[in-house]
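Novice: Contents are mmCIF, C-alpha atoms; file name final-v2.cif:
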```cif
data_my_file
#
loop_
_atom_site.label_atom_id
_atom_site.label_comp_id
_atom_site.auth_asym_id
_atom_site.auth_seq_id
_atom_site.Cartn_x
_atom_site.Cartn_y
_atom_site.Cartn_z
CA MET A 1 -1.60 16.88 -16.55
CA PRO A 2 -5.08 17.45 -18.03
CA ALA A 3 -7.59 19.51 -16.10
CA GLU A 4 -9.91 17.53 -13.87
CA LEU A 5 -13.28 16.68 -15.32
CA SER A 6 -16.38 17.42 -13.32
CA VAL A 7 -18.61 14.87 -15.07
CA GLY A 8 -19.51 11.92 -12.86
CA LEU A 9 -17.72 13.16 -9.76
CA VAL A 10 -19.28 12.20 -6.45
CA ASP A 11 -20.26 14.87 -3.97
CA PRO A 12 -19.41 13.29 -0.61
CA ASP A 13 -21.95 15.54 1.15
CA ALA A 14 -24.80 14.81 -1.25
CA HIS A 15 -27.76 12.66 -0.17
CA HIS A 16 -28.10 9.50 -2.23
CA GLY A 17 -31.33 7.48 -2.33
CA SER A 18 -34.12 7.09 0.17
CA ALA A 19 -33.87 6.32 3.87
CA SER A 20 -34.62 2.68 3.13
CA ASP A 21 -31.78 2.60 0.61
CA THR A 22 -29.43 4.00 3.23
CA ASP A 23 -30.55 1.46 5.83
CA GLU A 24 -30.02 -1.37 3.36
CA ALA A 25 -26.56 -0.12 2.41
CA SER A 26 -25.55 0.19 6.07
CA ASP A 27 -26.08 -3.56 6.50
CA GLU A 28 -23.51 -4.35 3.83
CA THR A 29 -19.81 -4.83 4.51
CA PRO A 30 -17.98 -1.75 3.19
CA GLY A 31 -15.47 -2.28 0.43
CA VAL A 32 -11.98 -0.93 -0.14
CA GLY A 33 -11.24 1.66 -2.80
CA VAL A 34 -7.75 1.16 -4.25
CA VAL A 35 -5.83 3.89 -6.08
CA ALA A 36 -3.02 2.09 -7.93
CA PRO A 37 -0.24 3.19 -10.30
CA PHE A 38 -0.91 2.83 -14.03
CA ASP A 39 1.48 -0.14 -14.26
CA PHE A 40 0.09 -2.08 -11.29
CA ALA A 41 -0.29 -5.72 -12.35
CA LEU A 42 -1.08 -7.60 -9.13
CA ASP A 43 -4.83 -7.06 -8.70
CA ARG A 44 -5.20 -10.78 -8.01
CA GLU A 45 -2.72 -10.62 -5.15
CA LEU A 46 -4.64 -7.78 -3.46
CA TRP A 47 -7.85 -9.82 -3.73
CA ARG A 48 -6.16 -12.75 -1.96
CA TRP A 49 -5.73 -10.61 1.16
CA ALA A 50 -9.41 -9.65 1.25
CA PRO A 51 -12.15 -11.59 3.10
CA ASP A 52 -14.76 -13.11 0.78
CA ASP A 53 -17.40 -10.54 1.72
CA VAL A 54 -15.19 -7.47 1.13
CA SER A 55 -15.03 -6.01 -2.37
CA LEU A 56 -12.09 -4.11 -3.84
CA TYR A 57 -12.76 -1.17 -6.15
CA LEU A 58 -9.58 -0.50 -8.14
CA THR A 59 -8.72 2.45 -10.30
CA ARG A 60 -5.48 3.42 -12.06
CA LEU A 61 -3.53 6.66 -12.03
CA PRO A 62 -2.72 8.25 -15.42
CA PHE A 63 -0.27 6.50 -17.73
CA PHE A 64 3.14 7.97 -18.52
CA THR A 65 6.35 6.57 -19.96
CA THR A 66 8.86 7.55 -17.27
CA PRO A 67 10.91 4.59 -15.93
CA VAL A 68 10.80 3.68 -12.23
CA THR A 69 12.91 6.54 -10.90
CA VAL A 70 12.49 9.21 -8.23
CA GLU A 71 10.83 11.38 -10.86
CA MET A 72 8.26 8.69 -11.63
CA ALA A 73 7.50 8.16 -7.94
CA VAL A 74 6.89 11.88 -7.52
CA ALA A 75 4.63 11.94 -10.58
CA VAL A 76 2.58 8.99 -9.30
CA GLY A 77 1.80 10.98 -6.15
CA ASP A 78 0.56 14.05 -8.03
CA ARG A 79 -2.26 15.52 -5.92
CA ARG A 80 -4.57 16.29 -8.84
CA ALA A 81 -4.35 12.75 -10.15
CA VAL A 82 -4.83 11.26 -6.67
CA ARG A 83 -7.83 13.50 -6.03
CA ARG A 84 -9.52 12.48 -9.25
CA ALA A 85 -8.72 8.78 -8.78
CA THR A 86 -10.16 8.90 -5.27
CA ARG A 87 -13.39 10.36 -6.59
CA ASP A 88 -13.48 7.64 -9.24
CA VAL A 89 -13.83 4.93 -6.58
CA LEU A 90 -16.37 6.68 -4.36
CA THR A 91 -19.51 5.67 -6.26
CA PRO A 92 -19.70 2.14 -4.74
CA ARG A 93 -19.19 3.77 -1.30
CA PRO A 94 -16.01 2.13 -0.01
CA GLY A 95 -15.36 2.37 3.70
CA VAL A 96 -11.74 3.36 3.04
CA VAL A 97 -9.59 4.45 0.09
CA THR A 98 -5.97 3.34 -0.03
CA PHE A 99 -3.08 4.67 -2.11
CA ALA A 100 -1.43 1.39 -3.13
CA CYS A 101 2.04 2.49 -4.15
CA THR A 102 5.05 2.31 -1.86
CA SER A 103 7.48 4.62 -3.67
CA GLY A 104 4.77 7.13 -4.53
CA SER A 105 3.90 7.44 -0.84
CA PHE A 106 7.43 7.67 0.60
CA VAL A 107 9.28 9.64 -2.09
CA SER A 108 8.27 13.05 -0.71
CA GLY A 109 8.91 12.11 2.90
CA VAL A 110 6.66 12.06 5.93
CA ALA A 111 5.03 15.34 4.94
CA GLY A 112 4.32 14.02 1.46
CA GLU A 113 2.64 10.90 2.82
CA PHE A 114 0.45 13.07 5.07
CA VAL A 115 -0.53 15.23 2.09
CA LEU A 116 -1.59 12.13 0.14
CA ARG A 117 -3.91 11.00 2.94
CA ARG A 118 -5.30 14.50 3.38
CA THR A 119 -5.90 14.76 -0.38
CA MET A 120 -7.94 11.56 -0.39
CA ILE A 121 -9.98 12.67 2.62
CA GLU A 122 -10.64 16.07 1.05
CA ALA A 123 -11.77 14.28 -2.12
CA GLY A 124 -14.43 12.46 -0.09
CA ALA A 125 -12.79 9.26 1.19
CA PRO A 126 -14.34 8.27 4.55
CA GLU A 127 -10.94 6.89 5.63
CA ALA A 128 -7.60 7.02 3.84
CA THR A 129 -4.43 4.95 4.03
CA THR A 130 -1.20 4.66 2.05
CA THR A 131 1.27 1.82 1.69
CA SER A 132 4.14 3.72 3.32
CA GLY A 133 1.97 5.12 6.11
CA ALA A 134 0.69 1.62 6.78
CA LEU A 135 4.27 0.34 6.89
CA VAL A 136 5.23 2.81 9.61
CA ASP A 137 2.10 1.98 11.61
CA ALA A 138 2.88 -1.74 11.35
CA LEU A 139 6.52 -1.29 12.39
CA HIS A 140 5.55 0.76 15.44
CA LEU A 141 2.86 -1.76 16.36
CA LEU A 142 5.39 -4.62 16.16
CA GLY A 143 8.03 -2.65 18.06
CA VAL A 144 10.47 -2.68 15.14
CA GLN A 145 13.31 -0.17 15.49
CA ASN A 146 15.91 -1.71 13.17
CA LEU A 147 14.82 -2.84 9.72
CA ALA A 148 16.39 -4.55 6.72
CA ILE A 149 14.77 -3.67 3.40
CA ALA A 150 14.69 -5.42 0.04
CA THR A 151 13.45 -3.44 -2.95
CA PRO A 152 13.22 -3.79 -6.74
CA TYR A 153 14.32 -0.15 -7.16
CA ILE A 154 17.42 1.67 -8.29
CA ALA A 155 19.58 3.08 -5.48
CA ALA A 156 18.16 6.62 -5.64
CA VAL A 157 14.63 5.38 -4.96
CA THR A 158 15.73 2.97 -2.22
CA ASP A 159 17.60 5.84 -0.56
CA ARG A 160 14.34 7.83 -0.37
CA LEU A 161 12.75 4.91 1.49
CA VAL A 162 15.64 4.81 3.96
CA THR A 163 15.21 8.54 4.61
CA TYR A 164 11.44 8.21 5.03
CA LEU A 165 11.91 5.43 7.58
CA ALA A 166 14.56 7.39 9.49
CA ASP A 167 12.24 10.37 9.74
CA SER A 168 9.57 7.98 11.05
CA GLY A 169 11.83 6.66 13.82
CA VAL A 170 12.99 3.44 12.15
CA SER A 171 16.66 2.72 11.35
CA THR A 172 17.63 0.77 8.24
CA VAL A 173 20.46 -1.62 9.07
CA ALA A 174 20.80 -2.92 5.50
CA SER A 175 19.16 -2.36 2.12
CA GLU A 176 19.38 -4.11 -1.22
CA GLY A 177 17.76 -3.21 -4.53
CA LEU A 178 17.36 -5.06 -7.81
CA GLY A 179 17.98 -1.91 -9.85
CA LEU A 180 14.89 -2.31 -12.02
CA LEU A 181 13.47 0.52 -14.10
CA GLY A 182 10.28 -1.29 -15.09
CA ASN A 183 8.42 -4.62 -15.41
CA ILE A 184 8.72 -5.21 -11.67
CA TRP A 185 5.68 -7.51 -11.60
CA ARG A 186 7.67 -10.04 -13.67
CA VAL A 187 10.07 -10.74 -10.79
CA GLY A 188 9.46 -14.27 -9.48
CA TYR A 189 9.33 -15.62 -5.94
CA GLU A 190 12.79 -17.17 -6.23
CA GLN A 191 14.44 -13.82 -6.91
CA VAL A 192 12.50 -12.14 -4.10
CA VAL A 193 13.52 -14.83 -1.61
CA SER A 194 17.13 -14.52 -2.71
CA ILE A 195 17.34 -10.77 -2.16
CA VAL A 196 15.58 -10.98 1.20
CA LYS A 197 18.00 -13.60 2.50
CA ALA A 198 20.92 -11.56 1.19
CA VAL A 199 19.86 -8.39 3.00
CA ASP A 200 19.00 -9.97 6.38
CA ARG A 201 21.21 -9.02 9.30
CA PRO A 202 21.26 -10.33 12.91
CA GLU A 203 20.54 -6.82 14.21
CA ALA A 204 17.43 -6.43 12.03
CA ASP A 205 14.21 -6.76 14.04
CA ALA A 206 12.25 -7.40 10.83
CA LEU A 207 12.47 -7.29 7.05
CA PHE A 208 10.44 -5.25 4.60
CA ILE A 209 9.89 -6.15 0.95
CA SER A 210 8.98 -2.95 -0.86
CA CYS A 211 6.79 -2.24 -3.92
CA THR A 212 3.17 -3.24 -4.43
CA ASN A 213 4.12 -4.58 -7.87
CA LEU A 214 6.35 -7.27 -6.33
CA PRO A 215 4.58 -10.61 -5.70
CA THR A 216 5.00 -11.87 -2.14
CA TYR A 217 1.77 -13.49 -0.89
CA ASP A 218 2.98 -17.12 -0.74
CA ILE A 219 6.49 -16.53 0.60
CA ILE A 220 5.89 -14.49 3.75
CA GLU A 221 5.40 -17.37 6.18
CA PRO A 222 8.26 -19.51 4.74
CA LEU A 223 10.60 -16.53 5.00
CA GLU A 224 9.55 -15.81 8.56
CA GLN A 225 10.18 -19.42 9.51
CA ALA A 226 13.59 -19.41 7.82
CA LEU A 227 14.72 -16.06 9.22
CA GLY A 228 13.01 -16.16 12.61
CA LYS A 229 11.61 -12.64 12.43
CA PRO A 230 8.67 -10.74 10.95
CA VAL A 231 8.62 -10.23 7.20
CA ILE A 232 6.42 -7.36 6.05
CA THR A 233 5.54 -6.77 2.41
CA ALA A 234 4.01 -3.85 0.56
CA ASN A 235 0.77 -5.53 -0.49
CA GLN A 236 0.38 -7.25 2.87
CA VAL A 237 0.66 -4.00 4.81
CA THR A 238 -1.51 -2.09 2.32
CA MET A 239 -4.38 -4.53 2.73
CA TRP A 240 -3.79 -4.95 6.49
CA ALA A 241 -4.20 -1.22 7.06
CA SER A 242 -7.14 -0.64 4.72
CA LEU A 243 -9.08 -3.61 6.08
CA ARG A 244 -8.20 -2.60 9.63
CA ALA A 245 -9.77 0.80 8.90
CA ILE A 246 -13.12 -0.90 8.30
CA GLY A 247 -12.76 -3.28 11.23
CA ARG A 248 -11.71 -6.34 9.25
CA GLN A 249 -8.73 -8.67 9.31
CA ALA A 250 -6.66 -9.42 6.21
CA VAL A 251 -6.56 -13.04 5.03
CA GLY A 252 -3.08 -14.50 4.73
CA GLY A 253 0.17 -15.19 6.52
CA GLY A 254 2.68 -13.26 8.55
CA ARG A 255 3.14 -12.17 12.15
CA LEU A 256 1.62 -8.78 11.37
CA LEU A 257 -1.76 -10.40 10.79
CA GLU A 258 -1.61 -12.02 14.23
CA VAL A 259 -1.88 -8.60 15.91
CA PRO A 260 -5.42 -8.19 17.32
CA LEU A 261 -7.54 -5.55 15.61
CA GLN A 262 -8.17 -3.68 18.83
CA ARG A 263 -4.50 -2.94 19.41
CA SER A 264 -3.83 0.71 18.63
CA VAL A 265 -0.84 2.19 16.83
CA ALA A 266 1.42 4.14 19.19
#
```
Take the structure from the file and write it as structure tokens.

Specialist:
Amino acid sequence: MPAELSVGLVDPDAHHGSASDTDEASDETPGVGVVAPFDFALDRELWRWAPDDVSLYLTRLPFFTTPVTVEMAVAVGDRRAVRRATRDVLTPRPGVVTFACTSGSFVSGVAGEFVLRRTMIEAGAPEATTTSGALVDALHLLGVQNLAIATPYIAAVTDRLVTYLADSGVSTVASEGLGLLGNIWRVGYEQVVSIVKAVDRPEADALFISCTNLPTYDIIEPLEQALGKPVITANQVTMWASLRAIGRQAVGGGRLLEVPLQRSVA
């Protein structure tokens, strides 16, 4: 990992512009800074969740050639890379910075997810969220205790998600993975629907579709209608939590988005 560069980094405590500039900026709707993995290919899907007056400021983590394994998930969550990427999106003054990678935020457990959020805050983010932290918040808010999960991962990565959920007070009643080591964004809706229906169980309070590189925007409501329970997806929950942090509601479908903003997470 190359040493961090100091050129162009934002000092979160520095004063920028005149008082009039600050007053003008305060009237604007804050945007969302997004720290995404190098292979993230669904920028358009994230934008679909955002209200028209909220901007997304995306940056990528460093590229490497490791396939989608536990080792890759750990590397994606490297603190130095996350710190630098957070600073990269601070210039347009987002109201929140989100780490938009499910496996990278659950692979090191509950403590690892906390460290990611703390790293972003220490780098200057006014608020910080992660996909996996947002998932746990959403499950608690919806009262979900038993979850079925569908993932594109190999078994070793899916098992880390099961452990993370257990340590967060959520039991996994069934899990199914596609066993992919790359090119996850190429999976189509039909395959996603198929794996979700295959993993559903009567005892599952809800279903979770993991990975921010898996397209899900248009199938959440049809799946909920077919299965009769909440369906939560990685990009949905990522945008729900980051927009919630700036007092805004995500645009799209799903029972999660019906929860009023003022309801707090237990």

Novice: Which residue is closest to Ala155 in chain A? Choose from A:Ser175, A:Gln262, A:Thr66, A:Asn235 and count all atoms listed in the file.

Specialist: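 Of A:Ser175, A:Gln262, A:Thr66, A:Asn235, the one nearest Ala155 in chain A is A:Ser175, counting all atoms listed in the file.
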
Novice: Would you kindly return, as a list of chain:residue names, each protein, DNA or RNA residue with an atom no farther than 7 Å from any atom of Gly254 in chain A, considering all atoms listed in the file and excluding same-chain residues fewer than 5 positions away?

Specialist: A:Ile220, A:Glu221, A:Pro230, A:Val231

Novice: Counting all atoms listed in the file, what is within 6 Å of range 248-253 of chain A, bar same-chain residues fewer than 5 positions away, as a VMD selection string?

Specialist: chain A and resid 49 to 50 221 240 243

Novice: Which is closer to Thr130 in chain A than all the others in A:Val70, A:Leu256, A:Ile219, A:Ala245, using only C-alpha atoms?

Specialist: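 Nearest to Thr130 in chain A: A:Ala245.
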
Novice: With only C-alpha atoms as the atoms that count, which of A:Glu190, A:Val136, A:Arg87, A:Gly109 lies nearest to Ala123 in chain A?

Specialist: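 Closest to Ala123 in chain A of all the choices is A:Arg87.
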
Novice: Quick one: distance from CA of Ser55 in chain A to CA of Gly77 in chain A in Å, one decimal?

Specialist: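 Going from CA of Ser55 in chain A over to CA of Gly77 in chain A covers 24.2 Å.
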
Novice: Which residues match the PyMOL selection byres ((chain A and resi 90) around 9) in the file above, as a list in words?

Specialist: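 When the PyMOL selection byres ((chain A and resi 90) around 9) is applied to the shown file, the picked residues are Leu9, Val10, Pro12, Gly33, Tyr57, Thr86, Arg87, Asp88, Val89, Thr91, Pro92, Arg93, Pro94, Val97, Gly124 and Ala125 of chain A.
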
Novice: Go ahead and save the picked residues with C-alpha atoms, as a PDB file, keeping the file's coordinate frame.

Specialist:
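Output below, filename result.pdb:
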```
ATOM      1  CA  LEU A   9     -17.720  13.160  -9.760  1.00  0.00           C
ATOM      2  CA  VAL A  10     -19.280  12.200  -6.450  1.00  0.00           C
ATOM      3  CA  PRO A  12     -19.410  13.290  -0.610  1.00  0.00           C
ATOM      4  CA  GLY A  33     -11.240   1.660  -2.800  1.00  0.00           C
ATOM      5  CA  TYR A  57     -12.760  -1.170  -6.150  1.00  0.00           C
ATOM      6  CA  THR A  86     -10.160   8.900  -5.270  1.00  0.00           C
ATOM      7  CA  ARG A  87     -13.390  10.360  -6.590  1.00  0.00           C
ATOM      8  CA  ASP A  88     -13.480   7.640  -9.240  1.00  0.00           C
ATOM      9  CA  VAL A  89     -13.830   4.930  -6.580  1.00  0.00           C
ATOM     10  CA  THR A  91     -19.510   5.670  -6.260  1.00  0.00           C
ATOM     11  CA  PRO A  92     -19.700   2.140  -4.740  1.00  0.00           C
ATOM     12  CA  ARG A  93     -19.190   3.770  -1.300  1.00  0.00           C
ATOM     13  CA  PRO A  94     -16.010   2.130  -0.010  1.00  0.00           C
ATOM     14  CA  VAL A  97      -9.590   4.450   0.090  1.00  0.00           C
ATOM     15  CA  GLY A 124     -14.430  12.460  -0.090  1.00  0.00           C
ATOM     16  CA  ALA A 125     -12.790   9.260   1.190  1.00  0.00           C
TER      17      ALA A 125
END
```

Novice: For CA of Thr238 in chain A and CA of Ala134 in chain A, quote the distance in Å rounded to one decimal.

Specialist: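 So the answer is 6.2 Å.
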
Novice: Could you tell me how far CA of Met72 in chain A sits from CA of Val157 in chain A, in Å to one decimal place?

Specialist: 9.8 Å
